[in-house]
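Colleague: The following block contains the structure, expressed as structure tokens.
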Amino acid sequence: MTSTRPALPSTAPAVPVDPDRAERAKRALELDLEYVFHSWLAQDGRAPFTADGAQGSWLWDGAGTPYLDFSGQLVFTNIGFSEPRVVKAIADQAARLATIAPQHANDARSEAARLIVERAPGDWFRKVFFTNGGADAIENAVRMARVHTGRRKVLSRYRSYHGNTTTAINLTGDPRRWPNDYGAEGVVHTFGPFLYRSAFHATTEEEECARALEHLEQVIALEGPATIAAIVLESIPGTAGIMVPPAGYLRGVREICDRHGILWIADEVMSGFGRAGRWFAAELANEAPTGVPGEWKPAPGPQAVPDLITFAKGVNSGYVPLGGVLVSEHVGATFGSRAFPGGLTYSGHPLACAAAVANIGVLTDDSLIENADRLGREVLGPGLHALAATSSIIGEVRGAGAFWAVELVRDKQTREPLVAGGAPVAALTKACMSRGLIPFVNGSRTHVVPALNITDEEARYGLALLGEAIAEVESSL
């Protein structure tokens, strides 16, 4: 099937004229192939996309060909590329105080911490421990939980991803853990709720929720409640498939944790800072779906709030690496007169924190949290469900805000995955790229995770290209 490139949306930026672009990109690729060691890949035979510039939701290559980014890169460019307010904040900070050791106060870090605490759910978060990214945020959150409780074990779920450092990769519940699994990190995996591929033979979301909580209770009882420090859960599992928890599940986790003195650590590295149409996706613990794709409403009852929240990615849209842990008052009190046994040379780096301050300003001033929620309800959700209605290989569409997954299957009745063993659908990536769309493909899924400020016209254009690419894969089966 011949790939197509329909007319670009009117909001697509004009690619700047640059006579040096082709030669610069050619040399970048040559040096990359010779000197750069890439993550999660066999090094031989690589053919990476070479980006030469970007603006908004668009990148362009060495030929000046524009591509619409439906991947958020690794789901972190929440405000898109080259946002001038953030670029200026980084430049201004670099000119005044480019770096400083973490034991010293600086205004960028102090202001970033204030803004993050003020946007946290509930009313018991008081402090932020800054890290360099999401994996070391998880490492330090688990360390806090272990010291606070005096316990060693940590629970996490299958179908999850928590990072690439030792504790984080052992917590991970997908096949990337297997080559790195030491079995001695005190990690116990459980099944979380996922009705489409239920481990509990459930037929409704209500059954799935109740049985997943019952399973969690049984695991805790058999492992010994007094041995468990924390349960680490992505508020919405990201790379593993964007499975939005059923109404009541996270509230049930909160109740179980309270009963056994276990901390709830919410991993918001991917789902935080607007991705799910909320500042933090854990807020959905206190809401319920309305039945309209991507639409939720407040649910009555006690509010469920995590004890620790890890974040990264969207906190400053990846302009400078930054992560952190939101620390509740009761956990923080453990370290009031007792030193926390951890730290990082670049904790709260002023350039990264200046980017965070400006990024949070953009998210707030431009109402991008609300826009992400609207995009999910009005554009992405309906558009993806429309694609599913005409495709024989789309098994399920699920998500919230600007955070969606399309499950690809060989047969809608048996739900057999399109590919086996966790390998990505390479044909889909190729079909998307040939049309000028950068996808996020993982296993038998593609994730639709654009910038929160993508225009409706651009989003619909991307959905049209994705539909063509899926149809090409479907026709080849």
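Convention: chains lettered A, B, ... in structure tokens order; per-chain residue numbering from 1; ligands numbered from 1 as shown.
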Would you mind listing, for every residue of region 89-158 of chain A within 9 Å of region 245-266 of chain A, the two atoms forming the shortest contact and the distance between them in Å to one decimal, using only C-alpha atoms, sorted by chain and ascending residue number, as CSV?

Modeller:
residue,atom,partner,partner_atom,distance
A:Ile138,CA,A:Ile265,CA,8.7
A:Ala141,CA,A:Ile265,CA,7.3
A:Val142,CA,A:Ile265,CA,8.0
A:Ala145,CA,A:Leu263,CA,6.7
A:Thr149,CA,A:Ile262,CA,7.7

Colleague: Using DSSP on the backbone coordinates, identify all residues within region 118-330 of chain A classified as strand (DSSP E); present the result as JSON, numbers by chain.

Modeller: {"A": [125, 126, 127, 128, 129, 130, 131, 153, 154, 155, 156, 157, 187, 188, 189, 190, 228, 229, 230, 231, 232, 233, 234, 263, 264, 265, 266, 267, 287, 288, 289, 296, 297, 298, 308, 309, 310, 311, 323, 324, 325, 326, 327, 328]}

Colleague: Write the residues of the preceding selection, restricted to C-alpha atoms, as a compact mmCIF listing (two decimals), in the first residue's frame.

Modeller:
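The resulting file, part33.txt, is shown below:
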# COMPACT_ATOMS: atom_id res chain seq x y z
CA PHE A 125 2.02 17.07 51.15
CA ARG A 126 4.57 19.53 52.53
CA LYS A 127 7.96 18.79 50.95
CA VAL A 128 9.59 17.88 47.65
CA PHE A 129 12.76 15.80 47.35
CA PHE A 130 14.21 16.53 43.91
CA THR A 131 15.92 13.88 41.79
CA LYS A 153 9.09 -5.68 51.21
CA VAL A 154 7.44 -3.60 48.50
CA LEU A 155 4.48 -4.66 46.36
CA SER A 156 3.98 -3.67 42.74
CA ARG A 157 1.82 -4.95 39.92
CA VAL A 187 9.70 -6.95 45.63
CA VAL A 188 6.47 -8.94 45.33
CA HIS A 189 4.31 -8.62 42.23
CA THR A 190 0.52 -8.76 42.16
CA ILE A 228 5.48 -4.79 53.76
CA ALA A 229 6.64 -1.19 53.61
CA ALA A 230 4.75 0.06 50.57
CA ILE A 231 2.62 -0.62 47.54
CA VAL A 232 3.97 1.12 44.43
CA LEU A 233 1.36 1.74 41.75
CA GLU A 234 1.32 3.84 38.62
CA LEU A 263 2.41 3.26 52.51
CA TRP A 264 0.86 3.94 49.11
CA ILE A 265 3.44 5.27 46.65
CA ALA A 266 1.82 6.71 43.52
CA ASP A 267 4.09 6.63 40.49
CA GLU A 287 -13.93 10.13 40.61
CA ALA A 288 -15.95 7.68 38.53
CA PRO A 289 -16.41 7.33 34.77
CA TRP A 296 -15.20 11.32 34.77
CA LYS A 297 -17.26 12.84 37.57
CA PRO A 298 -16.65 13.30 41.34
CA LEU A 308 4.30 9.58 48.51
CA ILE A 309 4.09 10.67 44.86
CA THR A 310 6.94 10.32 42.39
CA PHE A 311 7.10 12.59 39.35
CA GLY A 323 12.24 14.29 38.88
CA GLY A 324 11.19 14.18 42.48
CA VAL A 325 9.16 12.81 45.36
CA LEU A 326 6.25 14.61 46.96
CA VAL A 327 6.52 13.79 50.67
CA SER A 328 3.47 13.77 52.95

Colleague: Write out as a PyMOL selection string which residues come within 8 Å of Arg211 (chain A) when counting only C-alpha atoms, dropping same-chain ones fewer than 3 positions away.

Modeller: chain A and resi 200+202+207-208+214-215

Colleague: With distances taken over only C-alpha atoms, which of A:Asn106, A:Ser160, A:Ser198, A:Ser235 is nearest to Arg177 (chain A)?

Modeller: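 Checking each of A:Asn106, A:Ser160, A:Ser198, A:Ser235 against Arg177 (chain A), counting only C-alpha atoms, the winner is A:Ser160.
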
Colleague: Could you work out how far CA of Asn453 (chain A) lies from CA of Asn359 (chain A), giving the answer in Å with one decimal?

Modeller: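 That distance, rounded to one decimal, is 12.4 Å.
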
Colleague: Mind running region 197-294 of chain A against region 78-86 of chain A at 12 Å and telling me each contacting residue's nearest atom pair with the distance in Å (one decimal), counting only C-alpha atoms, chain and number ascending, as a tab-separated table?

Modeller:
residue	atom	partner	partner_atom	distance
A:Met270	CA	A:Asn78	CA	10.1
A:Ser271	CA	A:Asn78	CA	10.4
A:Gly272	CA	A:Asn78	CA	9.8
A:Phe273	CA	A:Asn78	CA	7.9
A:Gly274	CA	A:Asn78	CA	7.6
A:Arg275	CA	A:Asn78	CA	7.1
A:Ala276	CA	A:Asn78	CA	10.8
A:Gly277	CA	A:Asn78	CA	11.2
A:Trp279	CA	A:Asn78	CA	11.7
